[in-house]
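Enquirer: To start, I am sharing the structure in question, which I have written as structure tokens.
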Amino acid sequence: MKFLFVYGSLMSGMPNDIERLGLGQRMCNATTVGQMFSSKTWFPCTKFSEEGIIHGEIYVVHDDAFIELDRIEGSPYLFAQKDINVTLANGQVLSAVSYEFVQSTDGLVNIPYGDWRLFSLLQQQGETE
């Protein structure tokens with residue numbers, strides 16, 4: 001079993017909700033460092049780095065679930081697994097796996113607050129580009 005950090009379509013209530021798909025069990029909210037971009041379609045793209053913030057959720061996932069998760073994430077062509085550190089609300093730091101966008105972010109819209117749920121809501125209300 002591994003911890004998985006998700007920040008977009010795999011989060012609870014989103015189109016590919018991991019728990020709804022039976023691929024993992026949600027633990028809690030978490031953050032990590034990096035930059036988030038909008039793909040201009042229906043999913044976020046991230047680059048994990050030393051600056052910025054990405055809001056998401058931590059799940060406990062069985063190793064065999066990563067076959068399906070890789071398929072959903074388009075790995076290795078769109079996203080690839082990456083080991084990262086995440087910070088829980090209580091300040092505890094965990095090692096987790098996440099999916100990083102492997103293509104160029106040139107031309108994508110930066111989401112400086114790193115919150116896909118908020119961005120999606122604002123997009124529905126017509127308040128984003």
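We label chains A, B, ... in the order they appear in the structure tokens, count residues from 1 in each chain, and number ligands from 1 in the order shown.
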Output as a PyMOL selection string all residues of segment 23-128 of chain A that backbone DSSP marks as alpha helix (DSSP H).
Expert: chain A and resi 66-73+116-124
Enquirer: Using only all heavy atoms, please write the residues we just selected to a file, as a short mmCIF file (atom, residue, chain, number, x, y, z; two decimals), in the first residue's frame.
Expert:
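result-v6.cif, freshly written:
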```
data_model
loop_
_atom_site.label_atom_id
_atom_site.label_comp_id
_atom_site.auth_asym_id
_atom_site.auth_seq_id
_atom_site.Cartn_x
_atom_site.Cartn_y
_atom_site.Cartn_z
N PHE A 66 -2.54 0.89 -9.07
CA PHE A 66 -1.78 1.81 -9.91
C PHE A 66 -1.83 1.45 -11.39
O PHE A 66 -1.62 2.30 -12.24
CB PHE A 66 -0.34 1.94 -9.41
CG PHE A 66 -0.23 2.85 -8.23
CD1 PHE A 66 -0.23 2.34 -6.94
CD2 PHE A 66 -0.17 4.23 -8.39
CE1 PHE A 66 -0.15 3.17 -5.84
CE2 PHE A 66 -0.09 5.07 -7.30
CZ PHE A 66 -0.09 4.55 -6.01
N ILE A 67 -2.18 0.22 -11.71
CA ILE A 67 -2.35 -0.15 -13.13
C ILE A 67 -3.51 0.66 -13.71
O ILE A 67 -3.39 1.28 -14.77
CB ILE A 67 -2.60 -1.67 -13.27
CG1 ILE A 67 -1.35 -2.43 -12.84
CG2 ILE A 67 -3.00 -2.02 -14.70
CD1 ILE A 67 -1.56 -3.93 -12.67
N GLU A 68 -4.63 0.70 -13.01
CA GLU A 68 -5.79 1.46 -13.47
C GLU A 68 -5.55 2.96 -13.36
O GLU A 68 -5.94 3.73 -14.24
CB GLU A 68 -7.04 1.06 -12.67
CG GLU A 68 -8.30 1.80 -13.07
CD GLU A 68 -8.77 1.56 -14.51
OE1 GLU A 68 -8.24 0.66 -15.18
OE2 GLU A 68 -9.67 2.29 -14.96
N LEU A 69 -4.91 3.40 -12.29
CA LEU A 69 -4.60 4.82 -12.14
C LEU A 69 -3.68 5.32 -13.26
O LEU A 69 -3.89 6.41 -13.80
CB LEU A 69 -3.99 5.09 -10.77
CG LEU A 69 -4.95 4.96 -9.60
CD1 LEU A 69 -4.19 4.91 -8.28
CD2 LEU A 69 -5.97 6.09 -9.60
N ASP A 70 -2.69 4.53 -13.63
CA ASP A 70 -1.81 4.89 -14.75
C ASP A 70 -2.63 5.04 -16.04
O ASP A 70 -2.40 5.96 -16.83
CB ASP A 70 -0.72 3.85 -14.96
CG ASP A 70 0.41 3.95 -13.95
OD1 ASP A 70 0.45 4.92 -13.16
OD2 ASP A 70 1.27 3.04 -13.96
N ARG A 71 -3.59 4.16 -16.24
CA ARG A 71 -4.43 4.23 -17.44
C ARG A 71 -5.26 5.52 -17.43
O ARG A 71 -5.30 6.26 -18.41
CB ARG A 71 -5.36 3.02 -17.53
CG ARG A 71 -6.15 2.96 -18.84
CD ARG A 71 -7.29 1.97 -18.78
NE ARG A 71 -8.33 2.34 -17.83
CZ ARG A 71 -9.24 3.31 -18.01
NH1 ARG A 71 -9.21 4.04 -19.10
NH2 ARG A 71 -10.14 3.54 -17.09
N ILE A 72 -5.89 5.82 -16.29
CA ILE A 72 -6.71 7.03 -16.16
C ILE A 72 -5.87 8.28 -16.39
O ILE A 72 -6.31 9.22 -17.06
CB ILE A 72 -7.38 7.08 -14.77
CG1 ILE A 72 -8.44 5.98 -14.66
CG2 ILE A 72 -7.99 8.45 -14.51
CD1 ILE A 72 -8.97 5.78 -13.24
N GLU A 73 -4.65 8.29 -15.86
CA GLU A 73 -3.78 9.46 -15.94
C GLU A 73 -2.99 9.56 -17.25
O GLU A 73 -2.25 10.52 -17.45
CB GLU A 73 -2.81 9.47 -14.76
CG GLU A 73 -3.48 9.70 -13.43
CD GLU A 73 -4.09 11.09 -13.34
OE1 GLU A 73 -3.34 12.08 -13.26
OE2 GLU A 73 -5.32 11.20 -13.36
N TRP A 116 -7.78 23.19 -7.57
CA TRP A 116 -8.59 22.83 -8.73
C TRP A 116 -10.09 22.95 -8.45
O TRP A 116 -10.86 23.35 -9.33
CB TRP A 116 -8.25 21.42 -9.19
CG TRP A 116 -9.01 21.05 -10.42
CD1 TRP A 116 -10.01 20.12 -10.54
CD2 TRP A 116 -8.83 21.59 -11.74
NE1 TRP A 116 -10.46 20.06 -11.84
CE2 TRP A 116 -9.75 20.96 -12.59
CE3 TRP A 116 -7.99 22.57 -12.27
CZ2 TRP A 116 -9.85 21.26 -13.95
CZ3 TRP A 116 -8.09 22.87 -13.63
CH2 TRP A 116 -9.01 22.21 -14.45
N ARG A 117 -10.52 22.61 -7.24
CA ARG A 117 -11.94 22.74 -6.89
C ARG A 117 -12.40 24.19 -7.02
O ARG A 117 -13.44 24.48 -7.60
CB ARG A 117 -12.19 22.25 -5.46
CG ARG A 117 -12.94 20.98 -5.38
CD ARG A 117 -13.28 20.67 -3.93
NE ARG A 117 -12.74 19.41 -3.53
CZ ARG A 117 -13.21 18.24 -3.94
NH1 ARG A 117 -14.21 18.18 -4.76
NH2 ARG A 117 -12.66 17.13 -3.53
N LEU A 118 -11.62 25.10 -6.45
CA LEU A 118 -11.95 26.52 -6.52
C LEU A 118 -11.92 27.00 -7.96
O LEU A 118 -12.81 27.71 -8.41
CB LEU A 118 -10.99 27.34 -5.65
CG LEU A 118 -11.18 28.85 -5.69
CD1 LEU A 118 -12.59 29.24 -5.25
CD2 LEU A 118 -10.14 29.53 -4.80
N PHE A 119 -10.89 26.62 -8.70
CA PHE A 119 -10.78 27.02 -10.10
C PHE A 119 -11.99 26.53 -10.89
O PHE A 119 -12.56 27.28 -11.69
CB PHE A 119 -9.48 26.47 -10.71
CG PHE A 119 -9.30 26.84 -12.15
CD1 PHE A 119 -8.80 28.09 -12.50
CD2 PHE A 119 -9.63 25.94 -13.15
CE1 PHE A 119 -8.64 28.44 -13.84
CE2 PHE A 119 -9.47 26.28 -14.49
CZ PHE A 119 -8.97 27.53 -14.84
N SER A 120 -12.40 25.28 -10.68
CA SER A 120 -13.56 24.72 -11.38
C SER A 120 -14.83 25.49 -11.06
O SER A 120 -15.64 25.76 -11.95
CB SER A 120 -13.74 23.24 -11.02
OG SER A 120 -12.62 22.50 -11.42
N LEU A 121 -15.00 25.84 -9.80
CA LEU A 121 -16.17 26.60 -9.38
C LEU A 121 -16.18 27.98 -10.04
O LEU A 121 -17.19 28.42 -10.59
CB LEU A 121 -16.21 26.74 -7.86
CG LEU A 121 -17.35 27.56 -7.27
CD1 LEU A 121 -18.69 26.90 -7.58
CD2 LEU A 121 -17.18 27.71 -5.77
N LEU A 122 -15.04 28.65 -10.02
CA LEU A 122 -14.93 29.97 -10.65
C LEU A 122 -15.16 29.88 -12.15
O LEU A 122 -15.78 30.77 -12.76
CB LEU A 122 -13.57 30.61 -10.36
CG LEU A 122 -13.31 30.98 -8.89
CD1 LEU A 122 -11.87 31.44 -8.72
CD2 LEU A 122 -14.30 32.03 -8.41
N GLN A 123 -14.70 28.80 -12.75
CA GLN A 123 -14.88 28.59 -14.19
C GLN A 123 -16.37 28.43 -14.51
O GLN A 123 -16.86 28.99 -15.49
CB GLN A 123 -14.09 27.36 -14.62
CG GLN A 123 -13.87 27.26 -16.10
CD GLN A 123 -12.89 26.16 -16.44
OE1 GLN A 123 -12.84 25.12 -15.79
NE2 GLN A 123 -12.10 26.36 -17.47
N GLN A 124 -17.09 27.70 -13.69
CA GLN A 124 -18.53 27.52 -13.88
C GLN A 124 -19.26 28.85 -13.77
O GLN A 124 -20.27 29.06 -14.43
CB GLN A 124 -19.09 26.53 -12.87
CG GLN A 124 -18.66 25.11 -13.10
CD GLN A 124 -19.09 24.19 -11.98
OE1 GLN A 124 -19.72 24.60 -11.01
NE2 GLN A 124 -18.71 22.92 -12.09
#
```
Enquirer: Could you give me, as an MDAnalysis selection string, the residues within 6 Å of segment 17-31 of chain A, counting only C-alpha atoms and dropping anything in the same chain fewer than 3 positions from it?
Expert: chainID A and resid 10:14 54:61 65 86:88
Enquirer: Using N, CA, C and O atoms, can you write the selected residues to a file as a short mmCIF file (atom, residue, chain, number, x, y, z; two decimals), in the first residue's frame?
Expert:
```
data_model
loop_
_atom_site.label_atom_id
_atom_site.label_comp_id
_atom_site.auth_asym_id
_atom_site.auth_seq_id
_atom_site.Cartn_x
_atom_site.Cartn_y
_atom_site.Cartn_z
N LEU A 10 -9.21 13.12 -9.82
CA LEU A 10 -9.23 11.93 -8.96
C LEU A 10 -9.74 12.22 -7.55
O LEU A 10 -9.94 11.30 -6.76
N MET A 11 -9.96 13.52 -7.21
CA MET A 11 -10.42 13.87 -5.86
C MET A 11 -11.88 13.47 -5.63
O MET A 11 -12.63 13.24 -6.58
N SER A 12 -12.26 13.45 -4.37
CA SER A 12 -13.64 13.12 -4.01
C SER A 12 -14.61 14.08 -4.69
O SER A 12 -14.36 15.28 -4.77
N GLY A 13 -15.68 13.51 -5.24
CA GLY A 13 -16.71 14.30 -5.90
C GLY A 13 -16.37 14.72 -7.32
O GLY A 13 -17.20 15.32 -8.00
N MET A 14 -15.18 14.40 -7.79
CA MET A 14 -14.77 14.75 -9.15
C MET A 14 -15.03 13.58 -10.09
O MET A 14 -15.37 12.48 -9.65
N ILE A 54 -0.01 23.45 -3.99
CA ILE A 54 -1.03 22.62 -4.63
C ILE A 54 -1.87 22.00 -3.52
O ILE A 54 -1.33 21.34 -2.63
N HIS A 55 -3.16 22.24 -3.57
CA HIS A 55 -4.09 21.67 -2.60
C HIS A 55 -4.66 20.37 -3.16
O HIS A 55 -4.97 20.28 -4.35
N GLY A 56 -4.80 19.38 -2.28
CA GLY A 56 -5.34 18.10 -2.74
C GLY A 56 -5.76 17.23 -1.58
O GLY A 56 -6.03 17.71 -0.47
N GLU A 57 -5.80 15.93 -1.85
CA GLU A 57 -6.23 14.93 -0.87
C GLU A 57 -5.27 13.76 -0.88
O GLU A 57 -4.65 13.45 -1.89
N ILE A 58 -5.17 13.11 0.29
CA ILE A 58 -4.35 11.90 0.43
C ILE A 58 -5.26 10.68 0.49
O ILE A 58 -6.27 10.67 1.20
N TYR A 59 -4.87 9.65 -0.26
CA TYR A 59 -5.57 8.37 -0.27
C TYR A 59 -4.59 7.26 0.06
O TYR A 59 -3.39 7.37 -0.23
N VAL A 60 -5.11 6.19 0.63
CA VAL A 60 -4.35 4.96 0.78
C VAL A 60 -4.76 4.08 -0.39
O VAL A 60 -5.95 3.83 -0.61
N VAL A 61 -3.76 3.63 -1.16
CA VAL A 61 -4.02 2.90 -2.39
C VAL A 61 -3.20 1.61 -2.41
O VAL A 61 -2.01 1.63 -2.08
N ALA A 65 -3.73 -1.13 -7.70
CA ALA A 65 -4.61 -0.08 -8.22
C ALA A 65 -3.87 0.87 -9.16
O ALA A 65 -4.49 1.55 -9.98
N VAL A 86 4.18 15.57 1.15
CA VAL A 86 2.95 16.34 1.33
C VAL A 86 2.82 16.70 2.80
O VAL A 86 3.34 16.02 3.68
N THR A 87 2.10 17.80 3.05
CA THR A 87 1.89 18.27 4.41
C THR A 87 0.40 18.17 4.74
O THR A 87 -0.44 18.69 4.01
N LEU A 88 0.11 17.47 5.84
CA LEU A 88 -1.27 17.34 6.30
C LEU A 88 -1.65 18.58 7.11
O LEU A 88 -0.79 19.38 7.50
#
```
Enquirer: What is the distance between atom CA of Lys82 of chain A and atom CA of Ala96 of chain A, in Å to one decimal?
Expert: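 Rounded to one decimal, the two atoms are 8.3 Å apart.
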Enquirer: Residues within 8 Å of Asp83 of chain A, please, as a PyMOL selection string. Count only C-alpha atoms; anything in the same chain fewer than 2 positions from it doesn't count.
Expert: chain A and resi 81+85+95-98
Enquirer: Could the residues in this selection be saved with N, CA and C atoms as a PDB file, in the first residue's frame?
Expert:
```pdb
ATOM      1  N   GLN A  81       4.158   8.999 -12.563  1.00  0.00           N
ATOM      2  CA  GLN A  81       4.240   8.924 -11.105  1.00  0.00           C
ATOM      3  C   GLN A  81       5.509   9.614 -10.616  1.00  0.00           C
ATOM      4  N   ASN A  85       6.750  14.902  -1.159  1.00  0.00           N
ATOM      5  CA  ASN A  85       6.358  15.084   0.242  1.00  0.00           C
ATOM      6  C   ASN A  85       5.109  15.938   0.280  1.00  0.00           C
ATOM      7  N   SER A  95       5.505  10.992   2.902  1.00  0.00           N
ATOM      8  CA  SER A  95       5.956  10.686   1.544  1.00  0.00           C
ATOM      9  C   SER A  95       4.775  10.073   0.808  1.00  0.00           C
ATOM     10  N   ALA A  96       4.560  10.511  -0.412  1.00  0.00           N
ATOM     11  CA  ALA A  96       3.428  10.022  -1.198  1.00  0.00           C
ATOM     12  C   ALA A  96       3.830   9.957  -2.664  1.00  0.00           C
ATOM     13  N   VAL A  97       3.007   9.283  -3.421  1.00  0.00           N
ATOM     14  CA  VAL A  97       3.138   9.252  -4.873  1.00  0.00           C
ATOM     15  C   VAL A  97       2.097  10.216  -5.419  1.00  0.00           C
ATOM     16  N   SER A  98       2.413  10.883  -6.512  1.00  0.00           N
ATOM     17  CA  SER A  98       1.431  11.705  -7.204  1.00  0.00           C
ATOM     18  C   SER A  98       1.719  11.615  -8.693  1.00  0.00           C
TER      19      SER A  98
END
```
Enquirer: Among segment 3-127 of chain A, which ones does DSSP assign to strand (DSSP E or B) (computed from the backbone)? Answer as a short mmCIF file (atom, residue, chain, number, x, y, z; two decimals) with C-alpha atoms, in the first residue's frame.
Expert:
```cif
data_model
loop_
_atom_site.label_atom_id
_atom_site.label_comp_id
_atom_site.auth_asym_id
_atom_site.auth_seq_id
_atom_site.Cartn_x
_atom_site.Cartn_y
_atom_site.Cartn_z
CA PHE A 3 -0.12 7.07 0.00
CA LEU A 4 -1.36 8.86 -3.13
CA PHE A 5 -1.73 12.65 -3.38
CA VAL A 6 -4.42 13.74 -5.83
CA GLN A 25 -9.55 5.13 0.62
CA ARG A 26 -9.54 8.86 1.37
CA MET A 27 -7.56 9.94 4.42
CA CYS A 28 -7.56 13.76 4.54
CA ASN A 29 -6.74 17.03 2.80
CA ALA A 30 -3.10 17.90 2.19
CA THR A 31 -0.84 20.32 0.33
CA THR A 32 2.45 20.12 -1.49
CA GLN A 35 2.58 24.87 -9.70
CA MET A 36 -0.85 24.08 -11.11
CA PHE A 37 -2.07 24.86 -14.60
CA SER A 38 -5.37 24.45 -16.42
CA PRO A 44 -5.33 20.27 -14.06
CA CYS A 45 -1.66 19.86 -14.87
CA THR A 46 1.02 20.16 -12.19
CA LYS A 47 4.74 20.59 -12.04
CA ILE A 54 -1.03 22.62 -4.63
CA HIS A 55 -4.09 21.67 -2.60
CA GLY A 56 -5.34 18.10 -2.74
CA GLU A 57 -6.23 14.93 -0.87
CA ILE A 58 -4.35 11.90 0.43
CA TYR A 59 -5.57 8.37 -0.27
CA VAL A 60 -4.35 4.96 0.78
CA VAL A 61 -4.02 2.90 -2.39
CA PHE A 79 1.40 12.20 -16.49
CA ALA A 80 4.01 10.13 -14.69
CA GLN A 81 4.24 8.92 -11.11
CA LYS A 82 6.51 10.98 -8.89
CA ASP A 83 7.50 10.60 -5.24
CA ILE A 84 6.78 13.80 -3.31
CA ASN A 85 6.36 15.08 0.24
CA VAL A 86 2.95 16.34 1.33
CA THR A 87 1.89 18.27 4.41
CA LEU A 88 -1.27 17.34 6.30
CA VAL A 93 4.80 15.47 6.48
CA LEU A 94 4.25 12.23 4.54
CA SER A 95 5.96 10.69 1.54
CA ALA A 96 3.43 10.02 -1.20
CA VAL A 97 3.14 9.25 -4.87
CA SER A 98 1.43 11.70 -7.20
CA TYR A 99 1.06 12.27 -10.93
CA GLU A 100 3.09 15.05 -12.55
CA PHE A 101 2.33 16.46 -16.00
CA VAL A 109 -3.22 29.03 -17.69
CA ASN A 110 -1.39 29.19 -14.35
CA ILE A 111 -3.58 28.66 -11.28
#
```
Enquirer: So what do you get for atom CA of Val102 of chain A versus atom CA of Leu78 of chain A, distance-wise?
Expert: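 Those two atoms sit 5.7 Å apart.
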Enquirer: Go through A:Ala89, A:Gly126, A:His62, A:Gly114 and flag the residue nearest Phe48 of chain A, using only C-alpha atoms for the distances.
Expert: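 Looking at the shortest contact to Phe48 of chain A, the residue is A:Gly114.
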Enquirer: Between atom CA of Ser49 of chain A and atom CA of Asp64 of chain A, measure the distance and give it in Å to one decimal.
Expert: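 Atom CA of Ser49 of chain A sits 27.8 Å away from atom CA of Asp64 of chain A.
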Enquirer: Between A:Val33, A:Leu108, A:Trp42, A:Lys2, single out the one closest to Pro15 of chain A, counting only C-alpha atoms.
Expert: A:Trp42
